[in-house]
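Okay, structure first, notes after.
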Amino acid sequence: MSDNDKVVPESGKGDLTRRELLTRAGQVGAGALAAGALGGVTARAAKAAVDRTAARPPRGGTLNWALEQDPAHIAPFGGILTANHWGKELMYDSLLEWDPKLNIRVALAEKWEVVDPRTVVFTLKRGVRFHNGKELTAADCKYSFDLQANPPPPGSTAVLGQFPAIDRTEVIDKYRLRILLKAPDARLFGYLAWGRYSPMVPEGMYQQVNPGREGIGTGPFRLVTYQPNDRLEFVRWPRFWRQPQPYLNAVNFKILTDEQARIAALRAGAIDGATLSPDSARQFQGNANFKVLSNFTAAFRELQMTYKPGDRKPWHDKRVRQAVNHAINRQEIINRVYSGNGEFSGHVPPGYGPWPLPVKELREKWLKYDLAKARQLMRQAGYANGFEVTMSTFSTPLDFQQVAAVIKSQLARIGIEVKIEAQEPGTFAANNGRGNFEWDLTARGMRGDVDGYLAEFNPSASIYRVWYPEWRPPVKLWRLIGNGRITLDLEKRLPMYKEAQRILLDELIQVPICVVKKFQVVRRRVNNMYVAFSDFNTGIRYVYIK
Amino acid sequence: MYAYILRRVLYTIPTLIVISILIFLMVRLLPGDVLDVLIGGDITTTEEQRQAAREQLGLVGSYPEQYWRWATGALRGDLGMSLRNAEPVRDILEAALPITLELIFLALLIATAVGIPFGVISAVRRDSAHDYASRVTGLVGVSIPNFWLATLLLLFTSRVFGWVPPLTYVSPLDDPIQNLAQFILPAIALSVFPLAIIMRMVRATMLEVLSQDYVRTARAKGVSWNKVVSRHALRNALIPVVTIIGFEVGVLLGGAAIIEVIFGLPGVGNVLLQAIFSRDYPLIQAATMLIAVTFIVANLLVDILYGVLDPRISQT
């Protein structure tokens, strides 16, 4: 199977690696103005882009892709489901974007300048055109930010937890926008690069079209039609700001929720690509007509424990949690359930830029399988004979139940009798969100910023009061997470989050298990596609047919 | 006859009221609402934001209040807005219903067009190879889950012929050939169970009717065997079959859901399944009521047809 690391889509101007971003932002955080700070990087990237054009991909063709879930709606703001974004990601852009390796780079913005910890000025690229022909201006961006702050239906205000602490935006002139923050908030850049909640739309769009079914963006493809539960059709936007992209003439999404239907459609040539389970993807391995792509995504599996007042559960003792951690043989889980297509994960999944701890450190220190140590810890905690606990998990996808079964057998070795309760996903989500569980085998998803993975361990977080009201985190952890969010100097921020993760791996109020690969199968003629870490289909933007 | 029809129509009113209450309550017995399901353990959402979102979606007020709002709205033709995409539920169902009805129509057409003649032949040539083959086929048809057959058909045609039904839904009015190509496999998959039932039912009733005195009398009078079968026996044998077909409309409405999902058809069943997974209350309620009403109407029509076929029934 081919992994994504061979695929490096042409990125165009303004590439900025996360490391470079850290450096630049570090200067900014120290008080230096970053006006024009990206100039050198832009020049280098532009040269690289010119070099690459020597082998420019051919233009033309239609990509037929199967989506495994209906987007429900494609409104630019307030979409809760990942599938909402699948339906809209080809037609919208934000000020910044991620490259395939999660390096932040400019998109609709030409550059930005952190004037002070609460003020950021974005300068827009000139000549960017919306799908209705109108030029992108700062007024459009202000309109977009205003709607992001209060998403109208069919969007939901429930997503506002992702919205950084933006107080207001001001139009400086046609191409410059000032963002004023309520407090310093380092999440701003990741929020914009993620793009999920931060597309730029033309002023007044919500009065011009039905935003749930139609849209006007600046993206590489213009929407032709969206028929819920059936299909979406896009055509190439010839005035896309990053020429010569896109290479395809059209993209059609067919909603095929049944995996066997996607397999049949792939075999019959009715679609060019789709997401499949690892077992199904394996059927295509070695078939000359197909390519099997894979990559880790942010959705790492973890064991979550509640910590409520008056419960007096065995796992309220840190030694028990550590024993559980050391009794779990993650490699066995990866091998038995995921056929080796997994990796150890901490509280920030590997692959999430520079933020996670090195896998080597996780494997050899924090998450090491050590049954003798686990038994010793159980004895020290006074639970040599173990205890009983109910572990809830999703009934589908099936891998959750399989992981639960392996964990059950592993924890039986230290006397813990795990009762598995598989719940319909909706029921599981409802119970999880309300803290109605003892242990949950669950998964995390993509976040715009590393803060999204650790904020729940801050006692000021809303969900903390639901899941762990009785747990008192080390003050240092509290400070690290709290200060991490408001530290714009990203070079200082990085070690803070690393240290916070190490504290969490000692506390283990949640026990991270592993991250697994997502598989997509494409026909041989499809080039440049990659499995995005974000769980979106971003690669389609760069695809060409040959 | 009119009094009979009126009486049957009046009976449906309390039935529908009870069904609507049951649907309303059962939907809410599912753990969690649409926001719980969608955001689940999203650590970034505060309780205040969740509450504001609930108010935005109209998920506030007591159950009786919510029921009254929904029921009175439904009587005015307003089925509410979908919680997933804020579109009128009525529009969603109006787009989905023709697809499901076409699928069911085609499935029943196949089931009756194949089931009745095979049932008759099986009865007429009792204990022949034909009869045994039909009985075994019927047994297999009843035993095979339609979702399994649908998947098998799809994988078979893709592997052997490199063909799957067209993926994009086309109305029969726009392109009947492509529409038929899209519906033929799902209709076959859906038709197998009712086909088997109809075939077995026709066989059994035909055997019973063929042993009646009036059939022997007709034969004794010199009426040809073919005429006896088609004009005397079959007409009487079809009365219970009509009941079965009416009942199968309701069964197929439910069974169509999984077939629609497998073949990517945007029908009512597909919409309903997605609505259930996301706790889209207005859509679940309306789609379920639609299925219930269709079931009741189909049975009502069967009862009326029964009265036409056998006038003794409407007189009692």
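Chain labels follow the order of the structure tokens: the first chain is A, the next B, and so on; residue numbering restarts at 1 in every chain, and ligands are counted from 1 in their shown order.
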
Subject >> Surrounding residues of stretch 162-167 of chain B excluding itself and chain neighbours under 3 positions, 8 Å, only C-alpha atoms, as a list in words >> reply: Lys254, Ala264, Ala265, Arg267, Ala268, Gly269 and Ala270 of chain A; Leu154, Thr157, Ser158, Arg159, Gln178, Ala181, Gln182, Phe183, Leu185, Phe263 and Gly264 of chain B

Resulting file, chosen residues, C-alpha atoms, as a CSV table (one decimal), in the first residue's frame:
chain,number,residue,atom,x,y,z
A,254,LYS,CA,-21.9,10.7,-5.1
A,264,ALA,CA,-18.8,-2.2,-6.5
A,265,ALA,CA,-18.8,1.3,-8.0
A,267,ARG,CA,-14.7,-1.9,-9.6
A,268,ALA,CA,-17.2,-1.0,-12.3
A,269,GLY,CA,-15.4,2.3,-12.9
A,270,ALA,CA,-18.4,4.4,-11.9
B,154,LEU,CA,-24.3,-5.2,-6.8
B,157,THR,CA,-22.7,-7.1,-11.6
B,158,SER,CA,-19.7,-5.0,-10.9
B,159,ARG,CA,-17.3,-8.0,-10.9
B,178,GLN,CA,-31.6,5.5,-17.3
B,181,ALA,CA,-31.4,1.0,-15.3
B,182,GLN,CA,-31.0,2.6,-11.9
B,183,PHE,CA,-34.1,1.0,-10.4
B,185,LEU,CA,-31.5,-4.1,-9.4
B,263,PHE,CA,-28.0,1.6,-4.0
B,264,GLY,CA,-27.6,5.3,-3.0

**OP:** Could you list, as a ChimeraX atom specification, the residues of chain A having an atom within 8 Å of chain B when counting only C-alpha atoms?
**Re:** /A:72-73,80-81,153-162,212,228-231,254-258,260-261,263-265,267-270,425-427,429-434,452,455-456,461-463

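Among the candidates A:Ala183, A:Ile513, A:Val348, A:Met446, the residue lying nearest to A:Arg363 is A:Ile513 (atoms considered: only C-alpha atoms).
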
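Residues within 12 Å of B:Leu6, counting only C-alpha atoms and excluding same-chain residues fewer than 6 positions away, are Thr12, Ile13, Leu300, Asp303, Ile304 and Ser314 of chain B.
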
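Closest approach to A:Val521 among A:Arg485, A:Arg282, A:Arg321, A:Lys313 is made by A:Arg282 (distances from only C-alpha atoms).
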
Original post:
Counting only C-alpha atoms, what is within 9 Å of stretch 132-135 of chain A, bar same-chain residues fewer than 4 positions away, as an MDAnalysis selection string?
Top reply: chainID A and resid 126:128 202 216:217 239

**OP:** Within 12 Å of B:Lys227, counting only C-alpha atoms, which residues show up once you throw out same-chain ones fewer than 6 positions away? Write them as a list in words, please.
**Re:** Val215, Ala218, Arg219, Ala233, Leu234 and Arg235 of chain B

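Among the residues of stretch 478-515 of chain A, backbone DSSP assigns helix (DSSP H, G or I) to Trp478, Arg479, Leu480, Ile481, Gly482, Asn483, Gly484, Arg485, Ile486, Leu490, Glu491, Lys492, Arg493, Leu494, Pro495, Met496, Tyr497, Lys498, Glu499, Ala500, Gln501, Arg502, Ile503, Leu504, Leu505, Asp506 and Glu507 of chain A.
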
Original post:
Please, what distance in Å, to one decimal, runs between atom CA of A:Ala384 and atom CA of A:Lys318?
Top reply: 14.8 Å

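Atom pair atom CA of A:Tyr383 / atom CA of A:Gln304: separated by 19.8 Å.
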
Subject >> Best match for closeness to A:Val114 among A:Phe189, A:Tyr175, A:Tyr226, A:Phe77, counting only C-alpha atoms >> reply: A:Phe189

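Residue neighbourhood of B:Ala237, excluding near-sequence residues (fewer than 2 positions): Val202, Thr205, Met206, Val209, Ala233, Leu234, Arg235, Ile239, Pro240 and Val241 of chain B, at 8 Å, using only C-alpha atoms.
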
With N, CA, C and O atoms retained, could you export that selection as a PDB file, in the first residue's frame?
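Written out: part_30.pdb:
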ATOM      1  N   VAL B 202     -50.724 -17.762  -3.659  1.00  0.00           N
ATOM      2  CA  VAL B 202     -51.524 -18.109  -4.842  1.00  0.00           C
ATOM      3  C   VAL B 202     -51.616 -19.627  -4.965  1.00  0.00           C
ATOM      4  O   VAL B 202     -52.696 -20.180  -5.234  1.00  0.00           O
ATOM      5  N   THR B 205     -54.049 -20.977  -2.194  1.00  0.00           N
ATOM      6  CA  THR B 205     -55.462 -20.652  -2.400  1.00  0.00           C
ATOM      7  C   THR B 205     -56.003 -21.294  -3.674  1.00  0.00           C
ATOM      8  O   THR B 205     -57.166 -21.712  -3.722  1.00  0.00           O
ATOM      9  N   MET B 206     -55.139 -21.369  -4.686  1.00  0.00           N
ATOM     10  CA  MET B 206     -55.576 -22.028  -5.927  1.00  0.00           C
ATOM     11  C   MET B 206     -55.906 -23.499  -5.665  1.00  0.00           C
ATOM     12  O   MET B 206     -56.906 -24.026  -6.158  1.00  0.00           O
ATOM     13  N   VAL B 209     -59.220 -23.590  -3.994  1.00  0.00           N
ATOM     14  CA  VAL B 209     -60.332 -23.254  -4.879  1.00  0.00           C
ATOM     15  C   VAL B 209     -60.573 -24.357  -5.910  1.00  0.00           C
ATOM     16  O   VAL B 209     -61.718 -24.693  -6.220  1.00  0.00           O
ATOM     17  N   ALA B 233     -61.371 -19.987 -10.951  1.00  0.00           N
ATOM     18  CA  ALA B 233     -60.507 -20.249  -9.787  1.00  0.00           C
ATOM     19  C   ALA B 233     -59.628 -19.063  -9.434  1.00  0.00           C
ATOM     20  O   ALA B 233     -59.580 -18.626  -8.272  1.00  0.00           O
ATOM     21  N   LEU B 234     -58.962 -18.506 -10.441  1.00  0.00           N
ATOM     22  CA  LEU B 234     -57.976 -17.455 -10.151  1.00  0.00           C
ATOM     23  C   LEU B 234     -58.612 -16.236  -9.504  1.00  0.00           C
ATOM     24  O   LEU B 234     -58.065 -15.658  -8.568  1.00  0.00           O
ATOM     25  N   ARG B 235     -59.785 -15.824 -10.003  1.00  0.00           N
ATOM     26  CA  ARG B 235     -60.406 -14.622  -9.463  1.00  0.00           C
ATOM     27  C   ARG B 235     -60.677 -14.790  -7.958  1.00  0.00           C
ATOM     28  O   ARG B 235     -60.443 -13.889  -7.169  1.00  0.00           O
ATOM     29  N   ILE B 239     -58.325 -13.040  -3.989  1.00  0.00           N
ATOM     30  CA  ILE B 239     -58.823 -12.179  -2.902  1.00  0.00           C
ATOM     31  C   ILE B 239     -57.811 -12.094  -1.747  1.00  0.00           C
ATOM     32  O   ILE B 239     -57.422 -11.001  -1.348  1.00  0.00           O
ATOM     33  N   PRO B 240     -57.333 -13.212  -1.213  1.00  0.00           N
ATOM     34  CA  PRO B 240     -56.311 -13.080  -0.147  1.00  0.00           C
ATOM     35  C   PRO B 240     -55.001 -12.493  -0.652  1.00  0.00           C
ATOM     36  O   PRO B 240     -54.265 -11.851   0.110  1.00  0.00           O
ATOM     37  N   VAL B 241     -54.726 -12.665  -1.945  1.00  0.00           N
ATOM     38  CA  VAL B 241     -53.486 -12.106  -2.500  1.00  0.00           C
ATOM     39  C   VAL B 241     -53.544 -10.579  -2.472  1.00  0.00           C
ATOM     40  O   VAL B 241     -52.546  -9.905  -2.193  1.00  0.00           O
TER      41      VAL B 241
END

Subject >> Shell of 7 Å around stretch 448-451 of chain A, only C-alpha atoms, local chain residues under 3 positions omitted, as a PyMOL selection string >> reply: chain A and resi 187+190-191+194+355+454-455+485

Same residues, all heavy atoms, output as a compact mmCIF listing (two decimals), in the first residue's frame:
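Everything below was put into again_36.txt:
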# COMPACT_ATOMS: atom_id res chain seq x y z
N ARG A 187 -4.91 30.45 19.15
CA ARG A 187 -5.68 29.53 18.31
C ARG A 187 -6.07 30.14 16.97
O ARG A 187 -6.51 29.45 16.06
CB ARG A 187 -6.96 29.10 19.04
CG ARG A 187 -6.72 28.34 20.33
CD ARG A 187 -8.04 28.07 21.04
NE ARG A 187 -8.75 29.30 21.35
CZ ARG A 187 -10.03 29.37 21.69
NH1 ARG A 187 -10.75 28.28 21.75
NH2 ARG A 187 -10.59 30.53 21.98
N GLY A 190 -4.42 28.63 13.64
CA GLY A 190 -4.88 27.27 13.33
C GLY A 190 -6.34 27.27 12.91
O GLY A 190 -6.75 26.53 12.01
N TYR A 191 -7.12 28.10 13.57
CA TYR A 191 -8.55 28.22 13.24
C TYR A 191 -8.71 28.62 11.77
O TYR A 191 -9.53 28.06 11.03
CB TYR A 191 -9.18 29.25 14.17
CG TYR A 191 -10.58 29.68 13.78
CD1 TYR A 191 -11.68 28.89 14.09
CD2 TYR A 191 -10.80 30.88 13.13
CE1 TYR A 191 -12.95 29.28 13.75
CE2 TYR A 191 -12.07 31.29 12.78
CZ TYR A 191 -13.15 30.48 13.09
OH TYR A 191 -14.41 30.88 12.75
N TRP A 194 -7.29 25.77 9.35
CA TRP A 194 -8.19 24.61 9.30
C TRP A 194 -9.27 24.85 8.25
O TRP A 194 -9.61 23.96 7.47
CB TRP A 194 -8.79 24.39 10.68
CG TRP A 194 -9.45 23.08 10.91
CD1 TRP A 194 -9.40 21.97 10.11
CD2 TRP A 194 -10.25 22.74 12.03
NE1 TRP A 194 -10.13 20.95 10.67
CE2 TRP A 194 -10.67 21.40 11.86
CE3 TRP A 194 -10.66 23.41 13.17
CZ2 TRP A 194 -11.47 20.74 12.78
CZ3 TRP A 194 -11.46 22.76 14.10
CH2 TRP A 194 -11.85 21.44 13.90
N TRP A 355 3.62 19.33 17.49
CA TRP A 355 3.10 19.34 18.86
C TRP A 355 3.18 18.02 19.62
O TRP A 355 3.42 18.02 20.83
CB TRP A 355 1.65 19.84 18.86
CG TRP A 355 1.51 21.19 18.25
CD1 TRP A 355 1.04 21.50 17.00
CD2 TRP A 355 1.87 22.45 18.84
NE1 TRP A 355 1.09 22.85 16.78
CE2 TRP A 355 1.59 23.46 17.90
CE3 TRP A 355 2.42 22.80 20.07
CZ2 TRP A 355 1.83 24.81 18.15
CZ3 TRP A 355 2.65 24.15 20.32
CH2 TRP A 355 2.36 25.13 19.38
N LEU A 454 -6.03 19.74 24.61
CA LEU A 454 -5.69 19.76 26.04
C LEU A 454 -6.60 20.65 26.89
O LEU A 454 -6.57 20.58 28.11
CB LEU A 454 -4.24 20.23 26.22
CG LEU A 454 -3.17 19.40 25.48
CD1 LEU A 454 -1.78 19.88 25.83
CD2 LEU A 454 -3.29 17.92 25.81
N ALA A 455 -7.42 21.47 26.24
CA ALA A 455 -8.23 22.45 26.99
C ALA A 455 -9.16 21.77 27.99
O ALA A 455 -9.48 22.34 29.03
CB ALA A 455 -9.02 23.30 26.02
N ARG A 485 -2.66 28.91 25.71
CA ARG A 485 -3.64 29.51 24.79
C ARG A 485 -3.33 30.98 24.52
O ARG A 485 -3.57 31.48 23.42
CB ARG A 485 -5.05 29.36 25.36
CG ARG A 485 -6.10 29.96 24.46
CD ARG A 485 -7.48 29.84 25.02
NE ARG A 485 -8.02 28.49 24.96
CZ ARG A 485 -9.29 28.19 25.17
NH1 ARG A 485 -10.16 29.13 25.44
NH2 ARG A 485 -9.70 26.94 25.11

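Of the listed residues (B:Ser134, B:Thr294, B:Thr100, B:Gln285), B:Gln285 comes nearest to B:Ala71; the distances count only C-alpha atoms.
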
Original post:
Which residues in stretch 132-319 of chain A does DSSP call strand (DSSP E or B)? List them as an MDAnalysis selection string.
Top reply: chainID A and resid 135 166:173 176:181 221:227 231:236 250:255 273:276 290:296 301:305
